[in-house]
Amino acid sequence: MVIDPRFIPRPGRVQDPHSALTLAERDRRWALTRDAMDKWGVDCLFVVGRGQNENGNCRWLDNGDFSERCLVFPRKGKPVIIWAMANWSRWYLENSWEGCDYLPHNGRPSLAGAQAIADLGYAKGSIGIVGLSNTGMNPEGTIPWLTYETLKAQLPGATFEDVSDILLPLRMVKSAEEIAMIEKASELSNVEIDALLRHARAGIRESDLVAEITYASLKAGNELGRDHWFIMCSGRTGYPVNRRATDRLIGHGEMIMTGHYTRYGGYWSHPHMAVSLGPMDDEYKAMRDAVYEATQVALEVLKPGTPWAEVDRKVDEPVLGRGYYHEITQYHCVGLDGLELPASTMVGGKLPVERRMPRPPAPINGLPVRRNRPFTMEGLTVQPGTAVALEVKAAKDDRIFLEFGPQVVVTETGPRVLTPDALDVVVV
């Protein structure tokens, strides 16, 4: 799997598949980012990469295959990677695109960030913070309060602005090189699905089944890290959803549901599978009809020019129209983060019990005034090059739940399915 000629690193790069991304791809991203910075009126970005599904902004700019970090990205000059250890600088730079610098922070990223910004000549410039708010999975931001306050104190002549969503529209539509990585990740999803179908049987432990699935994809080149996920539940009721595997024995007549997060070169694929050990119960049959129809509708409407709001509404109709509901998105995009925008509404339908949803937060005193409108989904349409993880689901009475859906890439003519086994329940 990993000797695919599309992913041979350049000479002088460490032997990691992400190194195969070309310098032309680097130049494309850096040019797009600097053009956006010109439009937003900022001289330098301080990008925070930390937390669940929040490292993609850093990696999109530095191509580094490593953990949480910060990045200073200037309008002119070299981007500066900021992480803890000085003696790892050579390794970090070899794992990133040529043209990046490295600065250790020894536990104080604010001090290192301020130094990098000053060294680049922007101590009195306009500094855009990426990570202050509206950051996908973390609408309240990912930058620590002390980091932000210290950064401002170290650069008293600078102005600061929240530009947390400046990269979102740039990352939504994937380049041909990014699509190749997602295709490779989807091959690894198919390896996991093959292992699931080979080993799923009555009497196997959940943990043993997950071990077989994960072992197969790791041998094939799947990237294992602390952000590698595998979602699984089994039983006759389908609840709870999205829990870890346990040592319980799976029985005949039960439903196994899996969510595959496979990754290659930093890029994710995320299909969902539903496997029935023996014939489905009548309740599951009715639920399968709803989820299957909704999945087929999604494949029909995921075409360039369709408003995402229309996709959201159409996919929900077969599920909600039969009296079911859902409490997780019906689709979301993937890329360098496993959960990216656009994504469908989180909750749909009439819930069986009251779930109190928090109100949208009011403006907080002390945050910088945004000169630019925050990113919203309003008016956005489906575009070629979007990688969408379908995970259509239906739930009933806090008791029974069914979910499946493939990883797709949107082309000029519609979605291309990369994991075809995830289009329906598989009965074994």
# chains A, B, ... in the order shown; residues from 1 in each chain; ligands from 1

call {"tool": "closest_atom_pairs", "arguments": {"of": "region 155-211 of chain A", "to": "region 260-275 of chain A", "cutoff": "7 Å", "atoms": "only C-alpha atoms", "output": "Markdown table"}}
result
| residue | atom | partner | partner_atom | distance |
| --- | --- | --- | --- | --- |
| A:Met181 | CA | A:Tyr267 | CA | 6.0 |
| A:Ile182 | CA | A:Tyr267 | CA | 5.6 |
| A:Lys184 | CA | A:Tyr264 | CA | 6.4 |
| A:Ala185 | CA | A:Tyr264 | CA | 5.0 |
| A:Ser186 | CA | A:Ser269 | CA | 5.2 |
| A:Leu188 | CA | A:Thr262 | CA | 6.2 |
| A:Ser189 | CA | A:Thr262 | CA | 5.8 |

call {"tool": "residues_around", "arguments": {"residues": "region 174-178 of chain A", "least_positions_apart": "4", "cutoff": "12 Å", "atoms": "only C-alpha atoms", "output": "PyMOL selection string"}}
result
chain A and resi 6-7+17-26+28-29+60+63+168-170+182-185+264-269+333-336+383-388+409-411

call {"tool": "write_last_selection", "arguments": {"atoms": "C-alpha atoms", "output": "mmCIF file, in the first residue's frame"}}
result
data_model
loop_
_atom_site.group_PDB
_atom_site.id
_atom_site.type_symbol
_atom_site.label_atom_id
_atom_site.label_comp_id
_atom_site.auth_asym_id
_atom_site.auth_seq_id
_atom_site.Cartn_x
_atom_site.Cartn_y
_atom_site.Cartn_z
ATOM 1 C CA ARG A 6 2.037 8.754 -6.019
ATOM 2 C CA PHE A 7 3.429 8.987 -2.490
ATOM 3 C CA PRO A 17 3.940 9.774 2.894
ATOM 4 C CA HIS A 18 2.925 13.346 3.651
ATOM 5 C CA SER A 19 6.261 14.480 2.226
ATOM 6 C CA ALA A 20 4.964 13.553 -1.218
ATOM 7 C CA LEU A 21 2.852 16.719 -1.329
ATOM 8 C CA THR A 22 4.636 18.904 -3.860
ATOM 9 C CA LEU A 23 6.157 22.318 -3.406
ATOM 10 C CA ALA A 24 3.630 23.531 -5.966
ATOM 11 C CA GLU A 25 0.920 22.530 -3.481
ATOM 12 C CA ARG A 26 2.789 24.431 -0.752
ATOM 13 C CA ARG A 28 -0.679 27.302 -3.819
ATOM 14 C CA ARG A 29 -1.701 27.255 -0.149
ATOM 15 C CA TRP A 60 -2.391 22.799 6.004
ATOM 16 C CA ASN A 63 2.639 20.062 6.218
ATOM 17 C CA LEU A 168 -11.936 27.623 6.479
ATOM 18 C CA PRO A 169 -13.047 28.599 2.945
ATOM 19 C CA LEU A 170 -9.558 27.895 1.599
ATOM 20 C CA ILE A 182 -8.223 10.977 0.800
ATOM 21 C CA GLU A 183 -8.510 8.214 -1.818
ATOM 22 C CA LYS A 184 -5.592 6.458 -0.138
ATOM 23 C CA ALA A 185 -7.195 6.855 3.276
ATOM 24 C CA TYR A 264 -2.998 8.696 5.238
ATOM 25 C CA GLY A 265 -0.630 11.640 4.845
ATOM 26 C CA GLY A 266 -2.705 13.366 7.506
ATOM 27 C CA TYR A 267 -5.940 13.061 5.492
ATOM 28 C CA TRP A 268 -8.975 11.248 6.845
ATOM 29 C CA SER A 269 -11.626 8.951 5.467
ATOM 30 C CA CYS A 333 -16.641 16.910 5.488
ATOM 31 C CA VAL A 334 -13.162 15.527 6.101
ATOM 32 C CA GLY A 335 -9.634 16.534 5.267
ATOM 33 C CA LEU A 336 -6.714 17.182 7.590
ATOM 34 C CA GLN A 383 -18.463 22.353 -5.025
ATOM 35 C CA PRO A 384 -16.276 19.823 -6.837
ATOM 36 C CA GLY A 385 -13.363 18.712 -4.690
ATOM 37 C CA THR A 386 -15.371 18.487 -1.468
ATOM 38 C CA ALA A 387 -14.774 15.304 0.545
ATOM 39 C CA VAL A 388 -17.944 14.301 2.389
ATOM 40 C CA VAL A 409 -15.706 12.938 -3.119
ATOM 41 C CA VAL A 410 -17.789 15.422 -5.104
ATOM 42 C CA THR A 411 -16.884 15.651 -8.795
#

call {"tool": "residues_around", "arguments": {"residues": "region 39-55 of chain A", "least_positions_apart": "2", "cutoff": "6 Å", "atoms": "only C-alpha atoms", "output": "PyMOL selection string"}}
result
chain A and resi 36-37+57-58+68-75+125-131+337

call {"tool": "residues_around", "arguments": {"residues": "Glu283 (chain A)", "least_positions_apart": "3", "cutoff": "10 Å", "atoms": "only C-alpha atoms", "output": "list in words"}}
result
Met280, Ala286, Met287, Arg288, Lys396, Ile400 and Phe401 of chain A

call {"tool": "write_last_selection", "arguments": {"atoms": "N, CA and C atoms", "output": "PDB file, in the first residue's frame"}}
result
ATOM      1  N   MET A 280     -32.319  -9.190  10.049  1.00  0.00           N
ATOM      2  CA  MET A 280     -32.671  -8.027  10.849  1.00  0.00           C
ATOM      3  C   MET A 280     -34.056  -8.187  11.476  1.00  0.00           C
ATOM      4  N   ALA A 286     -37.409  -1.578   9.118  1.00  0.00           N
ATOM      5  CA  ALA A 286     -38.063  -0.303   8.835  1.00  0.00           C
ATOM      6  C   ALA A 286     -37.079   0.853   8.933  1.00  0.00           C
ATOM      7  N   MET A 287     -36.211   0.776   9.900  1.00  0.00           N
ATOM      8  CA  MET A 287     -35.210   1.827  10.074  1.00  0.00           C
ATOM      9  C   MET A 287     -34.209   1.805   8.925  1.00  0.00           C
ATOM     10  N   ARG A 288     -33.840   0.610   8.482  1.00  0.00           N
ATOM     11  CA  ARG A 288     -32.921   0.482   7.350  1.00  0.00           C
ATOM     12  C   ARG A 288     -33.506   1.146   6.115  1.00  0.00           C
ATOM     13  N   LYS A 396     -34.716   5.945  17.612  1.00  0.00           N
ATOM     14  CA  LYS A 396     -36.096   5.825  18.082  1.00  0.00           C
ATOM     15  C   LYS A 396     -36.103   5.536  19.586  1.00  0.00           C
ATOM     16  N   ILE A 400     -33.209   2.374  20.074  1.00  0.00           N
ATOM     17  CA  ILE A 400     -32.727   1.702  18.877  1.00  0.00           C
ATOM     18  C   ILE A 400     -32.176   2.735  17.910  1.00  0.00           C
ATOM     19  N   PHE A 401     -31.131   2.347  17.212  1.00  0.00           N
ATOM     20  CA  PHE A 401     -30.356   3.299  16.430  1.00  0.00           C
ATOM     21  C   PHE A 401     -29.739   2.554  15.251  1.00  0.00           C
TER      22      PHE A 401
END

call {"tool": "residues_around", "arguments": {"residues": "region 111-113 of chain A", "least_positions_apart": "4", "cutoff": "9 Å", "atoms": "only C-alpha atoms", "output": "list in words"}}
result
Phe46, Cys70, Leu71, Val72, Val80, Ile82, Trp83, Leu103, Pro104, His105, Asn106, Ile117, Ala118, Thr147, Thr150, Leu151 and Gln154 of chain A

call {"tool": "write_last_selection", "arguments": {"atoms": "N, CA and C atoms", "output": "mmCIF file, in the first residue's frame"}}
result
data_model
loop_
_atom_site.group_PDB
_atom_site.id
_atom_site.type_symbol
_atom_site.label_atom_id
_atom_site.label_comp_id
_atom_site.auth_asym_id
_atom_site.auth_seq_id
_atom_site.Cartn_x
_atom_site.Cartn_y
_atom_site.Cartn_z
ATOM 1 N N PHE A 46 -1.122 34.144 13.879
ATOM 2 C CA PHE A 46 -0.700 33.249 14.957
ATOM 3 C C PHE A 46 -1.728 32.135 14.992
ATOM 4 N N CYS A 70 1.900 25.589 17.575
ATOM 5 C CA CYS A 70 1.463 26.872 17.041
ATOM 6 C C CYS A 70 2.308 27.194 15.823
ATOM 7 N N LEU A 71 1.828 28.118 15.028
ATOM 8 C CA LEU A 71 2.530 28.497 13.812
ATOM 9 C C LEU A 71 2.363 29.997 13.610
ATOM 10 N N VAL A 72 3.470 30.665 13.344
ATOM 11 C CA VAL A 72 3.435 32.062 12.946
ATOM 12 C C VAL A 72 3.581 32.107 11.428
ATOM 13 N N VAL A 80 6.978 30.111 10.869
ATOM 14 C CA VAL A 80 7.764 29.620 11.998
ATOM 15 C C VAL A 80 6.918 28.635 12.798
ATOM 16 N N ILE A 82 6.230 26.508 16.047
ATOM 17 C CA ILE A 82 6.543 26.724 17.463
ATOM 18 C C ILE A 82 6.102 25.498 18.240
ATOM 19 N N TRP A 83 7.088 24.814 18.810
ATOM 20 C CA TRP A 83 6.801 23.673 19.677
ATOM 21 C C TRP A 83 7.832 23.613 20.774
ATOM 22 N N LEU A 103 11.018 27.245 16.088
ATOM 23 C CA LEU A 103 11.415 27.943 17.309
ATOM 24 C C LEU A 103 10.815 27.199 18.496
ATOM 25 N N PRO A 104 11.657 26.720 19.433
ATOM 26 C CA PRO A 104 11.107 26.031 20.615
ATOM 27 C C PRO A 104 10.533 27.042 21.601
ATOM 28 N N HIS A 105 9.517 26.598 22.362
ATOM 29 C CA HIS A 105 8.932 27.519 23.329
ATOM 30 C C HIS A 105 9.147 27.105 24.775
ATOM 31 N N ASN A 106 9.601 25.867 25.020
ATOM 32 C CA ASN A 106 9.882 25.409 26.382
ATOM 33 C C ASN A 106 8.730 25.710 27.347
ATOM 34 N N ILE A 117 7.277 36.833 15.764
ATOM 35 C CA ILE A 117 6.594 37.953 15.107
ATOM 36 C C ILE A 117 7.507 39.171 15.047
ATOM 37 N N ALA A 118 8.218 39.448 16.141
ATOM 38 C CA ALA A 118 9.141 40.587 16.147
ATOM 39 C C ALA A 118 10.294 40.367 15.171
ATOM 40 N N THR A 147 -1.924 32.366 27.150
ATOM 41 C CA THR A 147 -1.139 32.532 25.926
ATOM 42 C C THR A 147 -1.552 33.801 25.207
ATOM 43 N N THR A 150 -0.579 37.009 27.299
ATOM 44 C CA THR A 150 0.867 37.224 27.324
ATOM 45 C C THR A 150 1.363 37.665 25.955
ATOM 46 N N LEU A 151 0.810 37.098 24.903
ATOM 47 C CA LEU A 151 1.199 37.492 23.551
ATOM 48 C C LEU A 151 0.920 38.980 23.340
ATOM 49 N N GLN A 154 3.455 41.059 25.314
ATOM 50 C CA GLN A 154 4.791 41.052 24.736
ATOM 51 C C GLN A 154 4.898 41.912 23.478
#

call {"tool": "select_by_dssp", "arguments": {"residues": "region 199-374 of chain A", "states": "alpha helix (DSSP H)", "output": "number ranges by chain"}}
result
A: 199, 206-219, 282-301, 308-320

call {"tool": "select_by_dssp", "arguments": {"residues": "region 3-151 of chain A", "states": "strand (DSSP E)", "output": "JSON, numbers by chain"}}
result
{"A": [44, 45, 46, 47, 48, 49, 69, 70, 71, 72, 73, 74, 80, 81, 82, 83, 101, 102, 103, 104, 126, 127, 128, 129, 130]}

call {"tool": "residues_around", "arguments": {"residues": "Ala202 (chain A)", "least_positions_apart": "4", "cutoff": "7 Å", "atoms": "only C-alpha atoms", "output": "number ranges by chain"}}
result
A: 250-252, 277

call {"tool": "closest_residue", "arguments": {"among": "A:Val382, A:Val353, A:Val210, A:Met85", "to": "Asp397 (chain A)", "atoms": "only C-alpha atoms"}}
result
A:Val353

call {"tool": "closest_residue", "arguments": {"among": "A:Arg201, A:Arg90, A:Lys219, A:Arg171", "to": "Gly253 (chain A)", "atoms": "only C-alpha atoms"}}
result
A:Arg201

call {"tool": "residues_around", "arguments": {"residues": "Leu209 (chain A)", "least_positions_apart": "5", "cutoff": "10 Å", "atoms": "only C-alpha atoms", "output": "PyMOL selection string"}}
result
chain A and resi 195-201+204+214-215+232+245+247+250

call {"tool": "write_last_selection", "arguments": {"atoms": "N, CA and C atoms", "output": "short mmCIF file (atom, residue, chain, number, x, y, z; two decimals), in the first residue's frame"}}
result
data_model
loop_
_atom_site.label_atom_id
_atom_site.label_comp_id
_atom_site.auth_asym_id
_atom_site.auth_seq_id
_atom_site.Cartn_x
_atom_site.Cartn_y
_atom_site.Cartn_z
N ALA A 195 -11.87 -6.51 6.80
CA ALA A 195 -11.55 -7.25 8.03
C ALA A 195 -12.79 -7.39 8.91
N LEU A 196 -13.60 -6.34 8.97
CA LEU A 196 -14.85 -6.41 9.74
C LEU A 196 -15.74 -7.53 9.21
N LEU A 197 -15.92 -7.59 7.90
CA LEU A 197 -16.81 -8.59 7.32
C LEU A 197 -16.22 -10.00 7.44
N ARG A 198 -14.89 -10.11 7.49
CA ARG A 198 -14.24 -11.42 7.64
C ARG A 198 -14.40 -11.97 9.05
N HIS A 199 -14.36 -11.10 10.03
CA HIS A 199 -14.29 -11.56 11.42
C HIS A 199 -15.59 -11.38 12.20
N ALA A 200 -16.56 -10.64 11.65
CA ALA A 200 -17.81 -10.42 12.38
C ALA A 200 -18.60 -11.72 12.46
N ARG A 201 -18.81 -12.19 13.64
CA ARG A 201 -19.57 -13.43 13.84
C ARG A 201 -20.03 -13.48 15.29
N ILE A 204 -17.66 -13.51 19.01
CA ILE A 204 -16.41 -12.75 19.08
C ILE A 204 -16.59 -11.58 20.03
N THR A 214 -8.22 -3.04 13.25
CA THR A 214 -7.14 -2.07 13.35
C THR A 214 -5.82 -2.66 12.88
N TYR A 215 -5.57 -3.91 13.23
CA TYR A 215 -4.34 -4.59 12.81
C TYR A 215 -4.24 -4.62 11.29
N MET A 232 -17.45 2.08 17.72
CA MET A 232 -18.13 0.80 17.61
C MET A 232 -19.20 0.67 18.67
N ALA A 245 -15.10 0.04 22.25
CA ALA A 245 -15.33 -1.40 22.27
C ALA A 245 -15.09 -1.94 23.67
N ASP A 247 -15.33 -5.79 26.27
CA ASP A 247 -15.02 -7.22 26.18
C ASP A 247 -16.28 -8.08 26.09
N ILE A 250 -20.36 -10.64 21.25
CA ILE A 250 -21.42 -10.25 20.32
C ILE A 250 -22.27 -11.47 20.01
#

call {"tool": "closest_atom_pairs", "arguments": {"of": "region 74-128 of chain A", "to": "region 64-67 of chain A", "cutoff": "8 Å", "atoms": "only C-alpha atoms", "output": "Markdown table"}}
result
| residue | atom | partner | partner_atom | distance |
| --- | --- | --- | --- | --- |
| A:Tyr92 | CA | A:Gly64 | CA | 7.1 |
| A:Leu93 | CA | A:Gly64 | CA | 7.9 |
| A:Asn95 | CA | A:Gly64 | CA | 5.3 |
| A:Ser96 | CA | A:Gly64 | CA | 4.2 |
| A:Trp97 | CA | A:Gly64 | CA | 7.1 |

call {"tool": "closest_residue", "arguments": {"among": "A:Asn138, A:Thr295, A:Ser207, A:Ser234", "to": "Glu340 (chain A)", "atoms": "only C-alpha atoms"}}
result
A:Asn138
